[in-house]
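> Sending over input-v8.txt (compact mmCIF, C-alpha atoms).
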```txt
# COMPACT_ATOMS: atom_id res chain seq x y z
CA MET A 1 -3.66 -11.15 10.22
CA ASN A 2 -6.90 -9.58 9.03
CA LEU A 3 -7.38 -6.13 10.49
CA PRO A 4 -10.80 -4.45 10.56
CA THR A 5 -11.46 -1.63 8.11
CA VAL A 6 -12.95 1.81 8.70
CA ALA A 7 -14.15 4.06 5.85
CA LEU A 8 -14.68 7.83 6.10
CA VAL A 9 -17.62 8.73 3.88
CA GLY A 10 -19.63 11.90 3.22
CA ARG A 11 -20.43 14.68 0.81
CA PRO A 12 -17.64 17.04 -0.32
CA ASN A 13 -15.91 19.42 2.05
CA VAL A 14 -17.13 18.08 5.40
CA GLY A 15 -13.61 17.45 6.77
CA LYS A 16 -12.96 13.80 5.93
CA SER A 17 -9.35 14.38 4.87
CA THR A 18 -8.58 16.43 8.00
CA LEU A 19 -9.90 13.61 10.19
CA PHE A 20 -8.03 11.02 8.10
CA ASN A 21 -4.75 12.89 8.65
CA LYS A 22 -5.41 13.20 12.38
CA ILE A 23 -6.11 9.47 12.83
CA ALA A 24 -3.19 8.50 10.56
CA GLY A 25 -0.90 10.89 12.46
CA GLU A 26 0.56 12.51 9.37
CA LYS A 27 -0.49 14.75 6.50
CA ILE A 28 -1.29 12.17 3.85
CA ALA A 29 -4.57 13.43 2.40
CA ILE A 30 -4.57 16.65 0.40
CA ILE A 31 -6.63 19.24 2.25
CA GLU A 32 -8.12 21.91 0.02
CA ASP A 33 -11.32 23.92 0.30
CA ILE A 34 -12.46 22.76 -3.11
CA PRO A 35 -15.06 19.96 -3.35
CA GLY A 36 -13.72 16.88 -5.13
CA VAL A 37 -10.03 17.27 -4.22
CA THR A 38 -9.86 13.78 -2.69
CA ARG A 39 -10.82 11.76 -5.75
CA ASP A 40 -9.08 8.45 -5.06
CA ARG A 41 -9.52 6.38 -1.97
CA LEU A 42 -6.58 6.85 0.39
CA TYR A 43 -5.63 3.90 2.51
CA GLN A 44 -3.49 3.58 5.63
CA GLU A 45 -2.91 1.10 8.44
CA VAL A 46 -3.38 3.03 11.70
CA SER A 47 -3.47 2.34 15.43
CA TYR A 48 -5.44 3.71 18.37
CA LEU A 49 -4.33 2.67 21.86
CA ASP A 50 -3.72 -1.08 21.53
CA LYS A 51 -5.92 -1.63 18.47
CA ARG A 52 -5.00 -1.49 14.80
CA PHE A 53 -7.16 -1.11 11.73
CA TYR A 54 -7.18 -0.01 8.10
CA LEU A 55 -8.51 3.48 7.40
CA ILE A 56 -9.91 4.60 4.03
CA ASP A 57 -10.56 8.19 3.03
CA THR A 58 -12.97 8.69 0.12
CA GLY A 59 -13.88 11.48 -2.25
CA GLY A 60 -16.98 13.52 -1.47
CA ILE A 61 -20.23 12.03 -2.85
CA ASP A 62 -22.10 14.63 -4.89
CA SER A 63 -25.32 14.32 -6.92
CA SER A 64 -24.36 16.99 -9.47
CA GLU A 65 -23.34 15.95 -12.97
CA ASP A 66 -19.68 16.89 -12.63
CA VAL A 67 -17.33 14.80 -14.78
CA PHE A 68 -15.65 13.22 -11.74
CA ASN A 69 -18.68 12.60 -9.53
CA LYS A 70 -19.70 9.22 -10.98
CA GLU A 71 -16.19 7.86 -10.45
CA ILE A 72 -15.97 9.33 -6.94
CA LYS A 73 -19.31 7.74 -6.02
CA LEU A 74 -18.17 4.42 -7.47
CA GLN A 75 -14.89 4.30 -5.56
CA ALA A 76 -16.69 5.39 -2.37
CA GLU A 77 -19.09 2.46 -2.84
CA ILE A 78 -16.09 0.12 -3.13
CA ALA A 79 -14.72 1.49 0.16
CA ILE A 80 -18.14 1.06 1.82
CA GLU A 81 -18.30 -2.53 0.63
CA GLU A 82 -14.85 -3.25 2.08
CA ALA A 83 -15.48 -1.54 5.43
CA ASP A 84 -16.50 -3.06 8.77
CA VAL A 85 -17.32 0.36 10.26
CA ILE A 86 -18.34 3.49 8.36
CA VAL A 87 -17.89 7.00 9.73
CA PHE A 88 -20.50 9.15 7.95
CA MET A 89 -19.22 12.72 8.23
CA VAL A 90 -21.60 15.68 8.05
CA ASP A 91 -21.09 19.44 8.48
CA GLY A 92 -22.56 20.81 11.71
CA LYS A 93 -22.29 24.40 10.51
CA GLU A 94 -24.18 23.94 7.25
CA GLY A 95 -26.75 21.43 8.51
CA LEU A 96 -28.39 18.76 6.36
CA THR A 97 -28.11 18.99 2.56
CA SER A 98 -29.48 16.96 -0.36
CA ASN A 99 -26.06 15.32 -0.74
CA ASP A 100 -26.22 14.10 2.89
CA TYR A 101 -29.48 12.33 2.04
CA LEU A 102 -27.81 10.81 -1.04
CA VAL A 103 -25.00 9.42 1.14
CA ARG A 104 -27.55 8.18 3.70
CA ASP A 105 -29.40 6.19 0.99
CA ILE A 106 -26.14 4.54 -0.13
CA LEU A 107 -25.21 3.67 3.46
CA ARG A 108 -28.60 2.22 4.34
CA LYS A 109 -28.11 -0.44 1.66
CA SER A 110 -24.71 -1.42 3.13
CA LYS A 111 -26.09 -2.82 6.44
CA LYS A 112 -22.75 -1.92 8.07
CA ARG A 113 -22.18 -0.29 11.48
CA ILE A 114 -22.58 3.46 10.87
CA ILE A 115 -21.29 6.26 13.12
CA VAL A 116 -22.46 9.75 12.19
CA ALA A 117 -19.65 12.22 12.99
CA ILE A 118 -21.09 15.73 13.09
CA ASN A 119 -18.02 17.82 12.29
CA LYS A 120 -17.28 21.55 12.75
CA VAL A 121 -19.34 21.72 15.96
CA ASP A 122 -17.34 24.62 17.38
CA ASN A 123 -19.95 27.36 17.82
CA LYS A 124 -23.46 27.81 19.23
CA GLN A 125 -25.20 27.66 15.83
CA ALA A 126 -23.53 24.35 14.97
CA GLN A 127 -24.49 22.90 18.37
CA GLU A 128 -28.11 23.82 17.71
CA ASN A 129 -27.96 21.97 14.37
CA ILE A 130 -26.90 18.67 15.98
CA TYR A 131 -30.43 17.33 16.51
CA ASP A 132 -31.40 17.97 12.87
CA PHE A 133 -29.05 15.13 11.88
CA TYR A 134 -31.08 12.56 13.84
CA GLU A 135 -33.44 12.72 10.85
CA LEU A 136 -30.88 10.58 8.98
CA GLY A 137 -32.15 7.62 10.97
CA PHE A 138 -28.92 6.05 12.28
CA ASP A 139 -28.21 4.95 15.87
CA THR A 140 -24.93 6.67 16.77
CA TYR A 141 -24.13 10.42 16.56
CA ILE A 142 -20.93 12.03 17.84
CA PRO A 143 -20.29 15.81 17.60
CA ILE A 144 -16.66 16.58 16.80
CA SER A 145 -14.36 19.34 15.67
CA SER A 146 -11.35 17.96 13.77
CA ILE A 147 -9.61 21.34 13.90
CA HIS A 148 -10.29 22.07 17.59
CA ASN A 149 -9.72 18.46 18.68
CA THR A 150 -13.07 18.01 20.46
CA GLY A 151 -15.00 14.75 20.41
CA TYR A 152 -12.00 12.89 18.96
CA ILE A 153 -11.55 10.43 21.85
CA GLU A 154 -15.29 9.68 21.98
CA LEU A 155 -15.27 9.02 18.22
CA MET A 156 -12.20 6.78 18.31
CA ASP A 157 -13.56 4.81 21.28
CA GLU A 158 -16.80 4.25 19.38
CA ILE A 159 -14.99 3.21 16.18
CA CYS A 160 -12.79 0.70 18.00
CA LYS A 161 -15.22 -0.64 20.61
CA ASP A 162 -15.67 -4.05 18.93
CA PHE A 163 -12.10 -4.39 17.63
CA LYS A 164 -9.90 -7.00 19.25
CA LYS A 165 -6.45 -6.23 20.60
CA ILE A 166 -4.05 -7.56 18.01
CA GLU A 167 -0.51 -8.52 18.80
CA LYS A 168 2.07 -8.57 16.08
CA GLU A 169 1.82 -11.85 14.28
CA LYS A 170 4.69 -14.28 14.80
CA GLU A 171 5.23 -16.29 11.66
CA ASP A 172 8.42 -18.06 10.67
CA ARG A 173 7.17 -19.17 7.27
CA LEU A 174 7.90 -16.87 4.34
CA LYS A 175 4.72 -15.11 3.18
CA PHE A 176 4.36 -13.96 -0.39
CA SER A 177 1.45 -12.53 -2.33
CA ILE A 178 0.48 -12.64 -5.98
CA ILE A 179 -0.45 -9.13 -7.10
CA GLY A 180 -1.29 -7.50 -10.40
CA ARG A 181 -3.98 -6.05 -12.61
CA PRO A 182 -7.18 -8.01 -13.36
CA ASN A 183 -6.92 -10.95 -15.71
CA VAL A 184 -3.12 -11.23 -15.73
CA GLY A 185 -3.34 -14.80 -14.42
CA LYS A 186 -2.94 -14.43 -10.64
CA SER A 187 -5.35 -17.26 -9.77
CA SER A 188 -3.91 -19.52 -12.47
CA LEU A 189 -0.44 -18.92 -11.06
CA MET A 190 -1.61 -19.77 -7.57
CA ASN A 191 -3.16 -23.02 -8.83
CA ALA A 192 0.01 -23.89 -10.73
CA LEU A 193 2.14 -23.38 -7.61
CA LEU A 194 -0.24 -25.32 -5.37
CA ASN A 195 -0.81 -27.92 -8.08
CA GLU A 196 -4.54 -28.03 -7.36
CA GLU A 197 -7.69 -26.12 -8.29
CA ARG A 198 -7.78 -24.17 -5.01
CA VAL A 199 -8.97 -20.92 -6.59
CA VAL A 200 -11.75 -20.42 -9.14
CA VAL A 201 -10.08 -19.47 -12.41
CA SER A 202 -11.99 -17.54 -15.06
CA ASN A 203 -11.09 -15.27 -17.95
CA VAL A 204 -13.65 -12.76 -16.70
CA ALA A 205 -11.63 -10.04 -14.98
CA GLY A 206 -12.71 -9.62 -11.36
CA THR A 207 -13.62 -13.25 -10.59
CA THR A 208 -11.53 -13.43 -7.41
CA ARG A 209 -13.61 -11.89 -4.63
CA ASP A 210 -11.52 -12.60 -1.55
CA THR A 211 -7.96 -12.75 -0.37
CA VAL A 212 -7.06 -16.43 0.02
CA ASP A 213 -4.19 -17.84 2.12
CA SER A 214 -2.77 -21.27 1.28
CA ILE A 215 0.10 -23.35 2.59
CA LEU A 216 2.57 -24.15 -0.17
CA LYS A 217 5.01 -27.02 0.38
CA TYR A 218 8.20 -26.85 -1.65
CA HIS A 219 11.31 -28.99 -1.02
CA ASN A 220 10.06 -29.92 2.47
CA GLN A 221 9.58 -26.29 3.46
CA GLU A 222 6.26 -24.55 4.06
CA TYR A 223 5.39 -21.12 2.65
CA ILE A 224 2.26 -19.01 2.99
CA LEU A 225 0.87 -17.97 -0.37
CA ILE A 226 -1.59 -15.06 -0.43
CA ASP A 227 -3.77 -14.65 -3.50
CA THR A 228 -5.28 -11.20 -3.92
CA ALA A 229 -8.59 -9.98 -5.20
CA GLY A 230 -8.14 -8.10 -8.45
CA MET A 231 -10.60 -5.44 -9.48
CA ARG A 232 -13.84 -7.03 -8.34
CA LYS A 233 -16.64 -4.91 -9.79
CA LYS A 234 -18.39 -6.78 -12.58
CA GLY A 235 -20.22 -5.13 -15.41
CA LYS A 236 -20.86 -1.44 -15.01
CA VAL A 237 -18.04 1.02 -15.35
CA PHE A 238 -15.35 -1.61 -14.90
CA GLU A 239 -12.80 0.61 -16.63
CA ALA A 240 -13.33 3.32 -13.98
CA VAL A 241 -12.78 0.85 -11.14
CA GLU A 242 -9.52 -0.34 -12.65
CA LYS A 243 -7.98 3.06 -11.88
CA TYR A 244 -8.13 2.32 -8.16
CA SER A 245 -6.00 -0.20 -6.27
CA LEU A 246 -8.38 -2.35 -4.29
CA LEU A 247 -8.06 -2.52 -0.55
CA ARG A 248 -7.77 -6.29 -0.39
CA SER A 249 -4.72 -6.23 -2.64
CA LEU A 250 -3.15 -3.55 -0.45
CA ARG A 251 -3.90 -5.59 2.66
CA ALA A 252 -2.27 -8.62 1.09
CA ILE A 253 0.85 -6.62 0.23
CA ASP A 254 1.08 -5.37 3.82
CA ARG A 255 0.86 -8.91 5.16
CA SER A 256 3.52 -10.24 2.77
CA ASP A 257 7.27 -10.50 3.04
CA LEU A 258 7.56 -10.30 -0.73
CA CYS A 259 5.27 -9.89 -3.74
CA LEU A 260 5.05 -11.54 -7.13
CA VAL A 261 4.07 -8.76 -9.54
CA VAL A 262 2.31 -10.56 -12.40
CA ILE A 263 2.42 -9.01 -15.89
CA ASN A 264 0.40 -10.22 -18.88
CA ALA A 265 2.97 -10.88 -21.61
CA GLU A 266 0.30 -10.70 -24.34
CA GLU A 267 -0.93 -7.25 -23.32
CA GLY A 268 2.48 -5.82 -22.48
CA ILE A 269 3.34 -3.57 -19.55
CA LYS A 270 0.67 -1.07 -18.47
CA GLU A 271 1.09 1.97 -16.25
CA HIS A 272 -0.97 0.27 -13.56
CA ASP A 273 1.53 -2.63 -13.42
CA LYS A 274 4.16 -0.09 -12.36
CA HIS A 275 1.85 1.52 -9.78
CA ILE A 276 1.23 -1.88 -8.17
CA ALA A 277 4.96 -2.71 -8.05
CA GLY A 278 5.69 0.78 -6.72
CA TYR A 279 3.25 0.33 -3.86
CA ALA A 280 4.92 -2.94 -2.82
CA ILE A 281 8.35 -1.28 -2.90
CA GLU A 282 7.10 1.72 -0.87
CA ARG A 283 5.94 -0.76 1.76
CA GLY A 284 9.45 -2.25 1.88
CA LYS A 285 8.51 -5.58 0.29
CA GLY A 286 10.73 -7.79 -1.82
CA ILE A 287 9.50 -8.24 -5.38
CA VAL A 288 9.77 -10.71 -8.24
CA LEU A 289 8.47 -9.63 -11.65
CA VAL A 290 6.54 -12.52 -13.21
CA VAL A 291 5.86 -12.29 -16.95
CA ASN A 292 2.90 -14.65 -17.36
CA LYS A 293 1.28 -16.10 -20.54
CA TRP A 294 4.76 -16.26 -22.06
CA ASP A 295 3.64 -19.19 -24.26
CA GLN A 296 1.43 -16.74 -26.19
CA VAL A 297 4.37 -14.54 -27.26
CA LYS A 298 5.81 -15.73 -30.57
CA ASP A 299 7.67 -12.72 -31.96
CA GLN A 300 10.10 -11.91 -29.13
CA THR A 301 12.84 -13.71 -27.22
CA ILE A 302 13.18 -13.62 -23.43
CA LYS A 303 16.25 -11.41 -23.84
CA GLU A 304 14.34 -8.90 -25.99
CA TYR A 305 11.33 -8.82 -23.68
CA GLU A 306 13.54 -8.49 -20.61
CA LYS A 307 15.01 -5.29 -22.07
CA ILE A 308 11.49 -3.85 -22.31
CA VAL A 309 10.68 -4.84 -18.71
CA ARG A 310 13.92 -3.30 -17.44
CA ALA A 311 13.23 -0.07 -19.32
CA GLU A 312 9.71 0.18 -17.86
CA PHE A 313 10.68 -0.80 -14.30
CA GLN A 314 13.75 1.41 -13.92
CA PHE A 315 12.83 2.02 -10.28
CA ALA A 316 13.27 -1.72 -9.56
CA THR A 317 16.34 -2.75 -11.53
CA TYR A 318 17.23 -5.14 -8.69
CA ALA A 319 14.06 -7.25 -9.16
CA PRO A 320 14.49 -10.68 -10.76
CA ILE A 321 12.30 -11.37 -13.82
CA VAL A 322 10.72 -14.78 -14.38
CA PHE A 323 9.04 -15.80 -17.65
CA LEU A 324 6.41 -18.54 -17.44
CA SER A 325 2.95 -19.74 -18.36
CA ALA A 326 0.78 -20.44 -15.33
CA LEU A 327 -1.84 -22.23 -17.43
CA THR A 328 0.49 -24.70 -19.17
CA LYS A 329 3.01 -24.69 -16.26
CA LYS A 330 5.79 -24.06 -18.76
CA ARG A 331 8.87 -22.66 -16.91
CA ILE A 332 6.91 -22.67 -13.62
CA HIS A 333 9.92 -24.42 -12.04
CA THR A 334 11.98 -21.21 -12.43
CA LEU A 335 9.80 -19.22 -10.00
CA MET A 336 10.28 -20.72 -6.52
CA PRO A 337 14.11 -20.56 -6.55
CA GLU A 338 13.79 -16.79 -7.14
CA VAL A 339 11.17 -16.47 -4.37
CA ILE A 340 13.46 -18.27 -1.93
CA LYS A 341 16.46 -16.15 -2.92
CA VAL A 342 14.53 -12.89 -2.45
CA GLY A 343 13.15 -14.25 0.84
CA GLU A 344 16.72 -14.67 2.07
CA ASN A 345 17.84 -11.28 0.78
CA ILE A 346 15.11 -9.24 2.50
CA LYS A 347 16.43 -10.64 5.82
CA ARG A 348 20.11 -10.35 4.93
CA GLU A 349 22.34 -8.97 7.70
CA ILE A 350 25.79 -7.51 7.03
CA LYS A 351 28.56 -7.47 9.62
CA THR A 352 29.34 -3.93 10.77
CA SER A 353 33.04 -4.22 9.94
CA LEU A 354 32.29 -5.41 6.40
CA LEU A 355 29.63 -2.75 5.90
CA ASN A 356 32.01 0.04 6.93
CA GLN A 357 34.77 -1.34 4.74
CA VAL A 358 32.50 -1.23 1.66
CA LEU A 359 30.99 2.21 2.33
CA LEU A 360 34.24 3.94 3.33
CA GLU A 361 35.94 2.48 0.27
CA ALA A 362 33.06 3.75 -1.90
CA TYR A 363 33.43 7.17 -0.26
CA SER A 364 37.18 7.37 -0.87
CA MET A 365 36.70 6.30 -4.53
CA ASN A 366 34.12 9.05 -5.12
CA ILE A 367 34.40 11.88 -2.59
CA PRO A 368 31.31 14.11 -2.87
CA PRO A 369 31.85 17.73 -3.94
CA SER A 370 31.74 20.46 -1.30
CA TYR A 371 28.65 22.64 -0.97
CA LYS A 372 28.93 26.17 0.46
CA GLY A 373 32.35 25.32 1.84
CA LYS A 374 31.17 22.08 3.49
CA ARG A 375 31.74 18.50 2.37
CA LEU A 376 29.83 15.38 3.40
CA LYS A 377 31.82 13.06 5.67
CA ILE A 378 30.80 9.51 6.56
CA TYR A 379 32.10 8.44 9.98
CA TYR A 380 30.67 4.95 10.40
CA SER A 381 27.63 2.86 9.45
CA THR A 382 25.49 0.15 11.03
CA GLN A 383 22.66 -2.07 9.88
CA THR A 384 19.56 -1.07 11.83
CA GLY A 385 16.85 -3.27 10.33
CA ILE A 386 15.76 -6.05 8.00
CA GLN A 387 12.72 -6.60 5.79
CA PRO A 388 13.87 -4.50 4.04
CA PRO A 389 17.54 -4.16 5.00
CA LYS A 390 18.07 -0.73 6.56
CA PHE A 391 21.42 0.99 7.10
CA THR A 392 22.15 4.06 9.21
CA LEU A 393 25.13 6.16 8.12
CA HIS A 394 26.50 8.57 10.72
CA VAL A 395 27.64 11.73 8.94
CA ASN A 396 28.73 15.30 9.68
CA ASN A 397 25.67 16.87 8.01
CA LYS A 398 22.83 14.86 6.48
CA GLY A 399 21.69 17.99 4.63
CA LEU A 400 24.73 17.55 2.36
CA VAL A 401 23.53 14.17 1.05
CA HIS A 402 22.44 14.54 -2.58
CA PHE A 403 20.00 11.93 -3.89
CA SER A 404 22.45 10.96 -6.66
CA TYR A 405 25.16 10.25 -4.06
CA GLU A 406 22.70 8.19 -2.02
CA ARG A 407 21.94 6.16 -5.14
CA TYR A 408 25.68 5.73 -5.75
CA LEU A 409 26.16 4.30 -2.23
CA GLU A 410 23.15 1.99 -2.67
CA ASN A 411 24.62 0.69 -5.94
CA LYS A 412 27.94 0.01 -4.21
CA LEU A 413 26.16 -1.99 -1.51
CA ARG A 414 24.32 -3.98 -4.17
CA GLU A 415 27.61 -4.67 -5.98
CA SER A 416 29.15 -6.02 -2.77
CA PHE A 417 26.23 -7.99 -1.29
CA ASP A 418 23.33 -9.94 -2.77
CA PHE A 419 20.25 -7.75 -2.39
CA THR A 420 18.48 -9.13 -5.46
CA GLY A 421 14.75 -8.53 -5.17
CA THR A 422 14.75 -6.34 -2.09
CA PRO A 423 14.64 -2.58 -1.64
CA ILE A 424 17.27 -1.25 0.76
CA VAL A 425 16.92 1.82 2.94
CA LEU A 426 19.75 4.26 3.66
CA GLN A 427 19.22 6.59 6.60
CA PHE A 428 21.63 9.43 7.33
CA LYS A 429 22.09 10.65 10.88
CA ASN A 430 24.14 13.58 12.16
CA ARG A 431 26.81 12.64 14.65
CA ARG A 432 26.16 14.32 17.98
CA GLY A 433 27.77 17.73 18.08
CA ASP A 434 27.93 18.05 14.30
CA GLU A 435 25.69 20.28 12.25
```
Produce structure tokens that represent the structure in this file.

Amino acid sequence: MNLPTVALVGRPNVGKSTLFNKIAGEKIAIIEDIPGVTRDRLYQEVSYLDKRFYLIDTGGIDSSEDVFNKEIKLQAEIAIEEADVIVFMVDGKEGLTSNDYLVRDILRKSKKRIIVAINKVDNKQAQENIYDFYELGFDTYIPISSIHNTGYIELMDEICKDFKKIEKEKEDRLKFSIIGRPNVGKSSLMNALLNEERVVVSNVAGTTRDTVDSILKYHNQEYILIDTAGMRKKGKVFEAVEKYSLLRSLRAIDRSDLCLVVINAEEGIKEHDKHIAGYAIERGKGIVLVVNKWDQVKDQTIKEYEKIVRAEFQFATYAPIVFLSALTKKRIHTLMPEVIKVGENIKREIKTSLLNQVLLEAYSMNIPPSYKGKRLKIYYSTQTGIQPPKFTLHVNNKGLVHFSYERYLENKLRESFDFTGTPIVLQFKNRRGDE
């Protein structure tokens, strides 16, 4: 399912983050009256009426020689390239500025559908400024006030007018994506699994331009394999681009049931490897850690290297680790059994009676300490979701749940049931009448 993408673009301090939060329905973007606060692109899947799309917030584009401005401009250009519709936000109170013209020149090159949202139109002076913005030369102008909630419906209707109604995709086949930093061997791994040169493989980081779906047949079963674009900017300032997770990779993660997080064994584990894995886990996806180019490592055993991986990925101790070489196909046979196992575990359902037996036994073995004369009590528990498995524990006071006790209960569940490769979610709910 490929959803359309909308990017919010403009100079600093025109209200992009406020609008982003309003459309997303929660306070995700940091709102601060200091230009340059939103430096990284923020990304969220959102819905309006019966239409869904991806929304990107970008840092303010500024022509001054500030240390961050080149990077902000670069990541905004990436967002513009990815977008189907661009909302160009301007400030109705201040009127046109040189930075607005700078943004206009960037957008003209994009040849995308542009909507100019004239924000902060909440007084007479701002209303008189509206017609000045027609000088920008675009077709569609909508006056809005993010704070006072005017013009919002007109703007959203205009954004979504060409979007199709999308029903939730029904797909029985397990979907998994190959994610990771540039040049870790994602395309080579895809080719090794498919056993054909389906994807262009190159040692130039950023070769893969698009997300590619393929049908993988394994032991008479079909799976959907999603390759992801790595960092795609060639040449100039590639190092700066690498700091940002690209939208196509995030889309692929959202569409997946589980993710193969590929690590380059030669280079070792980088901070960005952990960020990528963390994003997949936050989205509730199963993960398998794939240490690729293992044939190039001569001075360490699998056991030694596994200790390093476990130490670096302490937030995902439940993830299986596979060592292989995609290029030579050495140990490639060890990967799919782990994928299948994790695929089963993310959908695992536990009988209510068994679940309660395990959790109440865990509680009686380690009764939490009292706090201000009150002690946490667990009455009963039920499984309330899969992908990832989600459990609701009915308690006397959820405010008494300490994060360390929550982790203890999660560990007890993992000891009792096979949740290898999948995050699990514990939700605590007060029993009616209890405080």
> Using CA of Tyr54 in chain A and CA of Val6 in chain A as the two end points, give the distance in Å to one decimal.
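One can read the CA of Tyr54 in chain A to CA of Val6 in chain A distance as 6.1 Å.
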> Please, what distance in Å, to one decimal, runs between CA of Phe88 in chain A and CA of Gly10 in chain A?
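It comes out at 5.5 Å.
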> Select, from A:Lys175, A:Arg375, A:Lys165, A:Lys429, the residue with the minimum atom-to-atom distance to Leu393 in chain A, counting only C-alpha atoms.
A:Lys429
> Give me the residues within 8 Å of Gln387 in chain A as a ChimeraX atom specification, counting only C-alpha atoms and dropping any in the same chain fewer than 5 places off.
/A:257,284-286,346-347
> Next, the residues of the selection above should be written as a PDB file, in the coordinates of the input with C-alpha atoms.

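Output (part_9.pdb):
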```pdb
ATOM      1  CA  ASP A 257       7.270 -10.500   3.040  1.00  0.00           C
ATOM      2  CA  GLY A 284       9.450  -2.250   1.880  1.00  0.00           C
ATOM      3  CA  LYS A 285       8.510  -5.580   0.290  1.00  0.00           C
ATOM      4  CA  GLY A 286      10.730  -7.790  -1.820  1.00  0.00           C
ATOM      5  CA  ILE A 346      15.110  -9.240   2.500  1.00  0.00           C
ATOM      6  CA  LYS A 347      16.430 -10.640   5.820  1.00  0.00           C
TER       7      LYS A 347
END
```
> Between A:Pro12, A:Lys412, A:Thr328, A:Tyr43, which has the minimum distance to Arg251 in chain A (counting only C-alpha atoms)?
A:Tyr43
> Which polymer residues have any atom within 9 Å of an atom of Ile115 in chain A, counting only C-alpha atoms, with same-chain residues fewer than 5 positions away left out, as a compact mmCIF listing (two decimals) with C-alpha atoms, in the frame of the given file?

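Writing done, so here's around-v8.txt:
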```txt
# COMPACT_ATOMS: atom_id res chain seq x y z
CA VAL A 85 -17.32 0.36 10.26
CA ILE A 86 -18.34 3.49 8.36
CA VAL A 87 -17.89 7.00 9.73
CA PHE A 88 -20.50 9.15 7.95
CA MET A 89 -19.22 12.72 8.23
CA PHE A 138 -28.92 6.05 12.28
CA ASP A 139 -28.21 4.95 15.87
CA THR A 140 -24.93 6.67 16.77
CA TYR A 141 -24.13 10.42 16.56
CA ILE A 142 -20.93 12.03 17.84
CA LEU A 155 -15.27 9.02 18.22
CA GLU A 158 -16.80 4.25 19.38
CA ILE A 159 -14.99 3.21 16.18
```
> Which neighbours of range 353-365 of chain A fall inside 9 Å, counting all atoms listed in the file, when residues of the same chain fewer than 6 positions from it are skipped, and could you give them as a PyMOL selection string?
chain A and resi 377-383+408-409+412-413+416
> Quick one: residues within 8 Å of Asn129 in chain A, only C-alpha atoms, excluding same-chain residues fewer than 4 positions away - as a list in words?
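Those residues are Gly92, Lys93, Gly95, Gln125 and Phe133 of chain A.
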> So how many Å separate CA of Ile118 in chain A and CA of Lys164 in chain A, to one decimal?
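So the answer is 26.1 Å.
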> Please provide as a list of chain:residue names all residues within 8 Å of Ile224 in chain A, with the sequence filter that same-chain residues fewer than 3 positions apart are discarded (counting only C-alpha atoms).
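Counting only the stated atoms, we get A:Arg173, A:Leu174, A:Lys175, A:Phe176, A:Asp213, A:Ser214, A:Ile215, A:Leu216.
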> Taking (4.7, 0.0, 0.6) as a centre in this file's frame and 12 Å as the limit, can you find every polymer residue with an atom that close, using only C-alpha atoms, and give them as a PyMOL selection string?
chain A and resi 43-45+249-259+275-287+387-388+423
> When you count all atoms listed in the file, which of these residues is closest to Lys112 in chain A: A:Thr5, A:Tyr305, A:Lys341, A:Leu426?
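Closest to Lys112 in chain A, using all atoms listed in the file: A:Thr5.
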